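Peer 1: Got a structure for you, written out below as structure tokens; questions coming shortly.
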2 protein chains.
Amino acid sequence: MSDRHAPSSAPTHDDVLRLRPDAPPPAPRALPPAKPPRIEEVARLAGVSPITVSRALRQPEKVAKDKRERILQVVAQTGYASNPHARALRSGQSSVVAAFVSNIFSQQFALAVQGCAEVLEPQGYQLMVGQTSYSYAKETSMIASLRALRPAAVLFTGVIELEENRQSLRELGIPIMETWAYPRDPIDMLVGLSNYDAGFMAASHLAERGYRRVAFMARHGGRGELRRQGFAAAAAQRGLEVVAELAVDNPQTIADGRAALARLLSQGGKFDAVFCANDLLAVGAMFEARDRKLAVPRDLAVLGFGETDIAGEIQPGLTTIGVDSLGLGRRAGEMLLQRLGGGMPAHPHQVMPLRIHARASV
Amino acid sequence: MSDRHAPSSAPTHDDVLRLRPDAPPPAPRALPPAKPPRIEEVARLAGVSPITVSRALRQPEKVAKDKRERILQVVAQTGYASNPHARALRSGQSSVVAAFVSNIFSQQFALAVQGCAEVLEPQGYQLMVGQTSYSYAKETSMIASLRALRPAAVLFTGVIELEENRQSLRELGIPIMETWAYPRDPIDMLVGLSNYDAGFMAASHLAERGYRRVAFMARHGGRGELRRQGFAAAAAQRGLEVVAELAVDNPQTIADGRAALARLLSQGGKFDAVFCANDLLAVGAMFEARDRKLAVPRDLAVLGFGETDIAGEIQPGLTTIGVDSLGLGRRAGEMLLQRLGGGMPAHPHQVMPLRIHARASV
DNA sequence: TTGTACGCGTTATCAC
DNA sequence: GTGATAACGCGTACAA
């Protein structure tokens with residue numbers, strides 16, 4: 001705290017948050033570490049053998065009804081929960097699913113993780129989240145740590161690029177889920193999206209809204225190029241003229257989007273709409289347009305991609321193409337669950353439908 | 001996908017992301033599930049007994065140098081990592097630390113979790129994140145699930161209010177960390193912040209910037225009231241006149257902030273600055289001011305609290321009081337580590353210093 | 001400094 | 001449908 005602002009006395013219990021003033025006084029601190037009940041105790045209380053308790057919990061149909069009910073009652077009374085370590089040790093089945101996010105601050109990724117957790121947790125699985133920070137080194141070290149962690153399955157927001165890591169993951173012999181992209185050879189399962197379709201949808205939407213002369217910008221390479229191909233295909237089909245295109249190297253800031261629009265405009269061709277296959281670029285383009293007294297969407301329509309948070313926070317709101325991230329996570333969770341239950345999804349490689357979140361910029 | 005926008009053919013391998021075109025062809029899919037090496041195997045290769053390998057890894061100083069080196073070499077070759085379940089079962093020490101966030105989308109909370117993970121992971125602990133969604137029911141069920149999970153420690157962003165849950169947590173007999181608030185009777189350890197000081201700092205800052213007639217708004221009750229008290233104390237000390245105050249019941253949206261400013265203004269007293277002890281209220285207040293043609297900060301200065309993301313995304317940027325969330329998480333992690341190592345922090349209840357993130361609104 | 005014997009709590013296997 | 005037995009892989013306790 002800057003001292004200029006400190007109150008005359010240091011913060012003490014003057015600053016207390018007594019959350020429930022009516023609550024009973026706190027219990028004495030030093031409690032016996034309260035060993036949780038073991039299966040043996042439940043068995044004794046229910047008058048059966050431990051293995052019968054185990055079965056009553058995991059394969060209830062194999063236990064006679066009266067015994068089962070008695071056992072479940074004792075379980076409820078004692079609050080018994082099987083020790084996950086003992087269970088994992090004996091059965092080789094862990095209840096932990098590891099999830100890796102490239103960026104923990106992305107709302108879309110958070111939604112996907114949440115959706116996956118919603119599906120897995122009721123089935124007794126715990127989701128453990130790690131962050132790879134878009135770093136190969138971090139990704140490699142986290143994948144290495146999976147050997148020690150022994151999760152039941154792994155979920156990635158994104159796909160694994162390094163063949164070395166792909167191989168490590170295969171060797172784990174557990175279900176692996178990749179998401180958000182559409183590689184030719186997924187490690188195992190995939191809930192991806194089609195970048196080509198995203199571009200196709202963008203051009204189609206602009207055509208429908210009556211725009212005829214359009215421009216395109218995207219990150220250089222990979223997905224950006226796929227979006228461009230889809231965009232070009234739909235433009236051709238719909239009779240749109242693509243008057244300018246730009247591939248930006250590694251756009252990181254809004255300023256990159258501003259510069260990109262400036263370059264597109266400087267190419268001379270006139271266009272009344274631009275598809276920025278990346279919301280950050282789109283926001284930058286909108287700012288640049290505003291500074292140039294181009295009204296959005298009247299003088300220039302801007303269409304983004306990614307359903308990023310900022311899309312809804314600027315004025316006018318940015319129309320953007322994206323996927324149902326929560327649904328993506330749920331679907332990934334369901335497929336994982338199927339595999340964890342010993343099954344195999346009929347379609348281990350799936351593509352999420354895209355959608356247009358329409359706001360005012362187009 | 002809306003069919004109108006679908007490309008003529010369904011997405012196929014036309015849309016592939018071949019991330020490393022130069023990568024070797026993928027290995028055949030069906031690999032043996034590759035059982036990881038056990039300690040016994042390492043022992044055999046190193047010519048020692050299993051227990052010596054165990055010691056070499058956990059208490060290296062107790063093993064003769066030559067044997068230790070040989071063992072570590074074999075460990076590196078085989079990629080041996082101890083089975084965490086067997087270890088936890090035998091030693092009673094889990095390597096999982098459970099972290100609960102009330103809102104997984106909060107940048108501040110995410111930063112805190114990240115800071116904590118940075119400290120814990122190098123020491124071999126894994127952070128498992130759950131979301132309580134500001135729901136007592138969810139909080140209760142997650143705390144119940146802790147009994148089954150048996151983590152080594154628990155971290156909360158926030159404090160636990162229900163005495164029932166507080167008791168459950170005590171009974172776990174493991175280190176518990178609460179954060180972000182300053183309750184009178186923390187369950188165990190605490191890295192909190194002083195709401196009183198936040199208010200004090202706010203009034204001091206406004207006084208320094210030359211404002212003399214000020215207003216205050218906050219969420220009703222608890223922390224909001226503490227911030228009000230600090231604000232009032234500093235205002236009195238600095239000769240500020242607090243011409244209007246408002247406690248808002250459960251503000252959830254920006255619209256609530258707009259309404260709050262409207263009510264403060266309608267009270268008749270003129271003020272040139274307002275401290276909104278909640279960024280959401282502050283943003284609403286700024287929007288309302290703009291609509292009323294009050295220039296911020298010329299006609300009305302707005303000071304927020306919380307260092308929320310939106311503070312930096314609106315125009316003009318909102319000046320807001322907050323804490324170093326990453327540092328908070330790190331500090332919590334360090335204290336947990338100390339306890340996990342068998343020690344006891346000298347100061348188990350700590351207060352994070354506050355800071356002012358100055359932008360243009362004051 | 002190193003090794004032996006055993007047990008952590010559960011579930012797979014097989015016998016009844 | 002139920003139970004006895006053993007084993008999962010490791011680390012504690014103690015002995016050498």
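Scheme for the structure tokens: letters A, B, ... for chains in order shown; per-chain residue numbers from 1; ligand numbers from 1 in order shown.
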Fewer than 2 positions away in the same chain doesn't count, so skip those; otherwise give me all residues within 10 Å of region 48-62 of chain A, counting only C-alpha atoms (C1' of nucleotides), as JSON, numbers by chain.
Peer 2: {"A": [38, 39, 40, 41, 42, 43, 44, 45, 46, 64, 65, 67, 68, 69, 70, 71, 72, 74, 75, 81, 82], "C": [10, 11], "D": [1, 2, 3, 4]}
Peer 1: Residues of chain D within 8 Å of chain B, counting only C-alpha atoms (C1' of nucleotides) - could you list those as a ChimeraX atom specification?
Peer 2: /D:9-12
Peer 1: Based on the selection just made, write N, CA and C atoms (P, O5', C5', C4', C3', O3' and C1' of nucleotides) of those residues as a JSON list (two decimals), in the first residue's frame.
Peer 2:
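Saved result, selection22.json, follows:
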[["chain", "number", "residue", "atom", "x", "y", "z"],
["D", 9, "DG", "P", 1.58, -52.36, -10.23],
["D", 9, "DG", "O5'", 2.34, -51.37, -9.23],
["D", 9, "DG", "C5'", 1.97, -50.01, -9.24],
["D", 9, "DG", "C4'", 2.58, -49.35, -8.03],
["D", 9, "DG", "C3'", 4.10, -49.46, -7.95],
["D", 9, "DG", "O3'", 4.60, -48.14, -7.89],
["D", 9, "DG", "C1'", 3.10, -49.99, -5.88],
["D", 10, "DC", "P", 6.10, -47.77, -7.69],
["D", 10, "DC", "O5'", 6.10, -47.25, -6.19],
["D", 10, "DC", "C5'", 5.26, -46.16, -5.85],
["D", 10, "DC", "C4'", 5.02, -46.18, -4.36],
["D", 10, "DC", "C3'", 6.26, -45.87, -3.52],
["D", 10, "DC", "O3'", 6.20, -44.50, -3.14],
["D", 10, "DC", "C1'", 4.89, -47.63, -2.59],
["D", 11, "DG", "P", 7.41, -43.79, -2.41],
["D", 11, "DG", "O5'", 7.12, -44.13, -0.89],
["D", 11, "DG", "C5'", 6.01, -43.54, -0.27],
["D", 11, "DG", "C4'", 5.90, -44.02, 1.16],
["D", 11, "DG", "C3'", 7.08, -43.64, 2.04],
["D", 11, "DG", "O3'", 6.57, -43.43, 3.33],
["D", 11, "DG", "C1'", 6.89, -45.97, 1.98],
["D", 12, "DT", "P", 7.41, -42.54, 4.37],
["D", 12, "DT", "O5'", 7.06, -43.25, 5.76],
["D", 12, "DT", "C5'", 5.72, -43.58, 6.07],
["D", 12, "DT", "C4'", 5.71, -44.70, 7.08],
["D", 12, "DT", "C3'", 6.70, -44.52, 8.23],
["D", 12, "DT", "O3'", 6.01, -44.79, 9.45],
["D", 12, "DT", "C1'", 7.05, -46.61, 7.21]]
Peer 1: Considering only C-alpha atoms, state which residue in the set A:Arg330, A:Arg258, A:His349, A:Arg228 is at the smallest distance from Met286 (chain A).
Peer 2: A:Arg258
Peer 1: Taking only C-alpha atoms (C1' of nucleotides) into account, which residues of chain C are within 12 Å of chain B, as a VMD selection string?
Peer 2: chain C and resid 1 to 4 6 to 10
Peer 1: Please produce an output containing N, CA and C atoms (P, O5', C5', C4', C3', O3' and C1' of nucleotides) for each residue in the selection, written as a PDB file, in the first residue's frame.
Peer 2:
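Result written to again_17.pdb:
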ATOM      1  P    DT C   1      25.123 -41.899   5.718  1.00  0.00           P
ATOM      2  O5'  DT C   1      24.817 -43.081   4.723  1.00  0.00           O
ATOM      3  C5'  DT C   1      25.858 -43.651   4.006  1.00  0.00           C
ATOM      4  C4'  DT C   1      25.498 -45.082   3.831  1.00  0.00           C
ATOM      5  C3'  DT C   1      24.347 -45.310   2.838  1.00  0.00           C
ATOM      6  O3'  DT C   1      24.793 -46.213   1.854  1.00  0.00           O
ATOM      7  C1'  DT C   1      23.956 -46.501   4.877  1.00  0.00           C
ATOM      8  P    DT C   2      23.986 -46.623   0.616  1.00  0.00           P
ATOM      9  O5'  DT C   2      23.103 -47.835   1.100  1.00  0.00           O
ATOM     10  C5'  DT C   2      23.702 -49.135   1.176  1.00  0.00           C
ATOM     11  C4'  DT C   2      22.742 -50.098   1.809  1.00  0.00           C
ATOM     12  C3'  DT C   2      21.489 -50.403   1.001  1.00  0.00           C
ATOM     13  O3'  DT C   2      21.667 -51.664   0.373  1.00  0.00           O
ATOM     14  C1'  DT C   2      21.076 -50.280   3.350  1.00  0.00           C
ATOM     15  P    DG C   3      20.530 -52.316  -0.536  1.00  0.00           P
ATOM     16  O5'  DG C   3      19.699 -53.171   0.518  1.00  0.00           O
ATOM     17  C5'  DG C   3      20.375 -54.138   1.290  1.00  0.00           C
ATOM     18  C4'  DG C   3      19.420 -54.779   2.258  1.00  0.00           C
ATOM     19  C3'  DG C   3      18.135 -55.322   1.622  1.00  0.00           C
ATOM     20  O3'  DG C   3      17.910 -56.640   2.103  1.00  0.00           O
ATOM     21  C1'  DG C   3      17.603 -53.902   3.437  1.00  0.00           C
ATOM     22  P    DT C   4      16.807 -57.558   1.432  1.00  0.00           P
ATOM     23  O5'  DT C   4      15.843 -57.855   2.666  1.00  0.00           O
ATOM     24  C5'  DT C   4      16.380 -58.126   3.946  1.00  0.00           C
ATOM     25  C4'  DT C   4      15.246 -58.294   4.948  1.00  0.00           C
ATOM     26  C3'  DT C   4      13.991 -58.968   4.384  1.00  0.00           C
ATOM     27  O3'  DT C   4      13.466 -59.849   5.362  1.00  0.00           O
ATOM     28  C1'  DT C   4      13.452 -56.815   5.223  1.00  0.00           C
ATOM     29  P    DC C   6       6.254 -60.110   7.870  1.00  0.00           P
ATOM     30  O5'  DC C   6       5.342 -58.809   7.774  1.00  0.00           O
ATOM     31  C5'  DC C   6       5.522 -57.787   8.740  1.00  0.00           C
ATOM     32  C4'  DC C   6       4.817 -56.535   8.287  1.00  0.00           C
ATOM     33  C3'  DC C   6       3.379 -56.744   7.818  1.00  0.00           C
ATOM     34  O3'  DC C   6       2.564 -55.894   8.572  1.00  0.00           O
ATOM     35  C1'  DC C   6       4.556 -55.340   6.326  1.00  0.00           C
ATOM     36  P    DG C   7       1.020 -56.285   8.765  1.00  0.00           P
ATOM     37  O5'  DG C   7       0.314 -54.914   8.386  1.00  0.00           O
ATOM     38  C5'  DG C   7       0.893 -53.683   8.828  1.00  0.00           C
ATOM     39  C4'  DG C   7       0.456 -52.572   7.902  1.00  0.00           C
ATOM     40  C3'  DG C   7      -0.998 -52.701   7.414  1.00  0.00           C
ATOM     41  O3'  DG C   7      -1.600 -51.429   7.478  1.00  0.00           O
ATOM     42  C1'  DG C   7       0.446 -52.552   5.558  1.00  0.00           C
ATOM     43  P    DC C   8      -3.126 -51.266   7.635  1.00  0.00           P
ATOM     44  O5'  DC C   8      -3.408 -49.989   6.729  1.00  0.00           O
ATOM     45  C5'  DC C   8      -2.691 -48.777   6.903  1.00  0.00           C
ATOM     46  C4'  DC C   8      -2.671 -48.036   5.582  1.00  0.00           C
ATOM     47  C3'  DC C   8      -3.979 -48.152   4.821  1.00  0.00           C
ATOM     48  O3'  DC C   8      -4.781 -47.015   5.148  1.00  0.00           O
ATOM     49  C1'  DC C   8      -2.069 -48.466   3.378  1.00  0.00           C
ATOM     50  P    DG C   9      -6.233 -47.259   5.804  1.00  0.00           P
ATOM     51  O5'  DG C   9      -7.095 -47.640   4.520  1.00  0.00           O
ATOM     52  C5'  DG C   9      -7.312 -46.656   3.524  1.00  0.00           C
ATOM     53  C4'  DG C   9      -7.898 -47.314   2.304  1.00  0.00           C
ATOM     54  C3'  DG C   9      -9.224 -48.035   2.553  1.00  0.00           C
ATOM     55  O3'  DG C   9     -10.169 -47.499   1.657  1.00  0.00           O
ATOM     56  C1'  DG C   9      -7.705 -49.416   1.356  1.00  0.00           C
ATOM     57  P    DT C  10     -11.622 -48.040   1.479  1.00  0.00           P
ATOM     58  O5'  DT C  10     -11.475 -48.854   0.122  1.00  0.00           O
ATOM     59  C5'  DT C  10     -11.125 -48.173  -1.057  1.00  0.00           C
ATOM     60  C4'  DT C  10     -10.611 -49.129  -2.097  1.00  0.00           C
ATOM     61  C3'  DT C  10     -11.660 -50.063  -2.671  1.00  0.00           C
ATOM     62  O3'  DT C  10     -12.096 -49.499  -3.914  1.00  0.00           O
ATOM     63  C1'  DT C  10      -9.531 -51.145  -2.307  1.00  0.00           C
TER      64       DT C  10
END
Peer 1: Would you mind reading off the distance between CA of Ala153 (chain A) and C1' of DT13 (chain C), one decimal, in Å?
Peer 2: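 Separation of CA of Ala153 (chain A) and C1' of DT13 (chain C): 26.4 Å.
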Peer 1: Tell me, which residues of region 185-311 of chain A carry DSSP helix (DSSP H, G or I), written as a PyMOL selection string?
Peer 2: chain A and resi 195-208+222-238+254-266+279-291+309-311
Peer 1: Which one of A:Tyr136, A:Tyr125, A:Tyr182, A:Phe156 sits closest to chain B if you count only C-alpha atoms?
Peer 2: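 Checking each candidate against chain B, we get A:Tyr182 as the closest.
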Peer 1: Could you pull the residues within 12 Å of DA5 (chain C), counting only C-alpha atoms (C1' of nucleotides), minus those fewer than 6 positions along the same chain, as a PDB file with N, CA and C atoms (P, O5', C5', C4', C3', O3' and C1' of nucleotides), in the first residue's frame?
Peer 2:
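Written output follows (part.pdb):
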ATOM      1  P    DT D  12       7.407 -42.544   4.366  1.00  0.00           P
ATOM      2  O5'  DT D  12       7.061 -43.248   5.756  1.00  0.00           O
ATOM      3  C5'  DT D  12       5.721 -43.580   6.075  1.00  0.00           C
ATOM      4  C4'  DT D  12       5.715 -44.701   7.079  1.00  0.00           C
ATOM      5  C3'  DT D  12       6.695 -44.515   8.235  1.00  0.00           C
ATOM      6  O3'  DT D  12       6.014 -44.794   9.445  1.00  0.00           O
ATOM      7  C1'  DT D  12       7.051 -46.612   7.207  1.00  0.00           C
ATOM      8  P    DA D  13       6.708 -44.460  10.843  1.00  0.00           P
ATOM      9  O5'  DA D  13       7.243 -45.893  11.282  1.00  0.00           O
ATOM     10  C5'  DA D  13       6.377 -47.008  11.211  1.00  0.00           C
ATOM     11  C4'  DA D  13       7.137 -48.228  11.678  1.00  0.00           C
ATOM     12  C3'  DA D  13       8.189 -47.940  12.741  1.00  0.00           C
ATOM     13  O3'  DA D  13       8.111 -48.930  13.762  1.00  0.00           O
ATOM     14  C1'  DA D  13       9.211 -49.001  10.883  1.00  0.00           C
ATOM     15  P    DC D  14       8.983 -48.746  15.122  1.00  0.00           P
ATOM     16  O5'  DC D  14      10.076 -49.877  14.875  1.00  0.00           O
ATOM     17  C5'  DC D  14       9.644 -51.138  14.369  1.00  0.00           C
ATOM     18  C4'  DC D  14      10.800 -51.850  13.721  1.00  0.00           C
ATOM     19  C3'  DC D  14      12.080 -51.894  14.576  1.00  0.00           C
ATOM     20  O3'  DC D  14      12.445 -53.238  14.782  1.00  0.00           O
ATOM     21  C1'  DC D  14      12.565 -51.370  12.329  1.00  0.00           C
ATOM     22  P    DA D  15      13.603 -53.594  15.866  1.00  0.00           P
ATOM     23  O5'  DA D  15      14.471 -54.625  15.030  1.00  0.00           O
ATOM     24  C5'  DA D  15      13.852 -55.375  13.982  1.00  0.00           C
ATOM     25  C4'  DA D  15      14.912 -55.750  12.961  1.00  0.00           C
ATOM     26  C3'  DA D  15      16.270 -56.083  13.592  1.00  0.00           C
ATOM     27  O3'  DA D  15      16.817 -57.216  12.930  1.00  0.00           O
ATOM     28  C1'  DA D  15      16.534 -54.355  12.009  1.00  0.00           C
TER      29       DA D  15
END
Peer 1: Rounded to one decimal in Å, what is the spacing between CA of Leu206 (chain A) and CA of Ile321 (chain A)?
Peer 2: 11.9 Å
Peer 1: Would you compute the distance between CA of Leu226 (chain A) and CA of Ser194 (chain A)? Give it in Å to one decimal.
Peer 2: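 Distance between the two atoms: 8.5 Å.
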Peer 1: Could you pull out the strand (DSSP E or B) residues of region 11-162 of chain B from DSSP and send them as a ChimeraX atom specification?
Peer 2: /B:17,96-101,126-131,153-156
Peer 1: Counting only C-alpha atoms, which residue out of B:Phe305, B:Phe216, B:Trp180, B:Phe105 sits closest to chain A?
Peer 2: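 That would be B:Phe105, the residue with the smallest distance to chain A.
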Peer 1: Determine, counting only C-alpha atoms (C1' of nucleotides), which protein, DNA and RNA residues have an atom within 10 Å of an atom of Ala218 (chain B); residues of the same chain fewer than 2 positions away are not included. Present the result as number ranges by chain.
Peer 2: B: 216, 220-221, 223-228, 245-251, 257, 260, 275-279, 281-282, 304-305
Peer 1: Write the selection just made, keeping N, CA and C atoms, as a compact mmCIF listing (two decimals), in the first residue's frame?
Peer 2:
# COMPACT_ATOMS: atom_id res chain seq x y z
N PHE B 216 -20.60 8.33 -2.51
CA PHE B 216 -20.18 6.95 -2.30
C PHE B 216 -21.31 6.00 -2.67
N HIS B 220 -24.75 -3.35 -0.90
CA HIS B 220 -25.29 -3.27 0.45
C HIS B 220 -24.65 -4.32 1.37
N GLY B 221 -24.33 -3.91 2.58
CA GLY B 221 -23.89 -4.86 3.60
C GLY B 221 -22.40 -5.18 3.57
N ARG B 223 -18.87 -6.20 2.99
CA ARG B 223 -17.68 -5.51 2.53
C ARG B 223 -17.97 -4.08 2.13
N GLY B 224 -19.10 -3.88 1.48
CA GLY B 224 -19.47 -2.54 1.05
C GLY B 224 -19.52 -1.59 2.24
N GLU B 225 -20.09 -2.05 3.32
CA GLU B 225 -20.19 -1.22 4.52
C GLU B 225 -18.80 -0.92 5.09
N LEU B 226 -17.92 -1.89 5.04
CA LEU B 226 -16.56 -1.66 5.54
C LEU B 226 -15.85 -0.62 4.68
N ARG B 227 -16.06 -0.73 3.39
CA ARG B 227 -15.43 0.25 2.49
C ARG B 227 -16.00 1.64 2.77
N ARG B 228 -17.26 1.70 3.07
CA ARG B 228 -17.88 2.98 3.38
C ARG B 228 -17.27 3.57 4.64
N GLU B 245 -24.69 9.15 -0.25
CA GLU B 245 -24.27 7.75 -0.09
C GLU B 245 -25.39 6.84 -0.52
N LEU B 246 -25.02 5.70 -1.03
CA LEU B 246 -26.04 4.74 -1.46
C LEU B 246 -25.53 3.32 -1.31
N ALA B 247 -26.37 2.47 -0.72
CA ALA B 247 -26.06 1.04 -0.66
C ALA B 247 -27.01 0.32 -1.59
N VAL B 248 -26.44 -0.37 -2.58
CA VAL B 248 -27.26 -1.01 -3.60
C VAL B 248 -27.42 -2.49 -3.25
N ASP B 249 -28.65 -2.95 -3.34
CA ASP B 249 -28.87 -4.37 -3.08
C ASP B 249 -28.44 -5.22 -4.26
N ASN B 250 -27.44 -6.04 -4.01
CA ASN B 250 -27.05 -7.05 -4.98
C ASN B 250 -26.94 -6.56 -6.42
N PRO B 251 -26.04 -5.63 -6.68
CA PRO B 251 -25.87 -5.16 -8.07
C PRO B 251 -25.31 -6.27 -8.94
N GLY B 257 -25.64 0.09 -11.93
CA GLY B 257 -24.75 1.22 -11.68
C GLY B 257 -25.34 2.51 -12.22
N ALA B 260 -27.96 3.61 -9.91
CA ALA B 260 -27.40 4.09 -8.65
C ALA B 260 -26.93 5.53 -8.79
N PHE B 275 -17.03 7.55 -5.47
CA PHE B 275 -16.33 6.28 -5.30
C PHE B 275 -17.35 5.16 -5.37
N CYS B 276 -17.23 4.36 -6.39
CA CYS B 276 -18.11 3.20 -6.54
C CYS B 276 -17.30 1.99 -6.09
N ALA B 277 -17.67 1.45 -4.96
CA ALA B 277 -16.83 0.43 -4.35
C ALA B 277 -17.05 -0.93 -5.00
N ASN B 278 -17.07 -0.90 -6.34
CA ASN B 278 -17.40 -2.08 -7.13
C ASN B 278 -17.30 -1.63 -8.59
N ASP B 279 -16.46 -2.26 -9.37
CA ASP B 279 -16.21 -1.78 -10.72
C ASP B 279 -17.45 -1.79 -11.61
N LEU B 281 -20.55 -1.25 -10.75
CA LEU B 281 -21.29 -0.02 -10.45
C LEU B 281 -20.60 1.18 -11.09
N ALA B 282 -19.28 1.18 -11.01
CA ALA B 282 -18.53 2.32 -11.54
C ALA B 282 -18.74 2.47 -13.04
N GLY B 304 -13.29 3.38 -9.08
CA GLY B 304 -13.87 2.05 -8.89
C GLY B 304 -13.06 1.20 -7.93
N PHE B 305 -13.51 -0.02 -7.76
CA PHE B 305 -12.79 -0.96 -6.91
C PHE B 305 -12.87 -2.36 -7.49
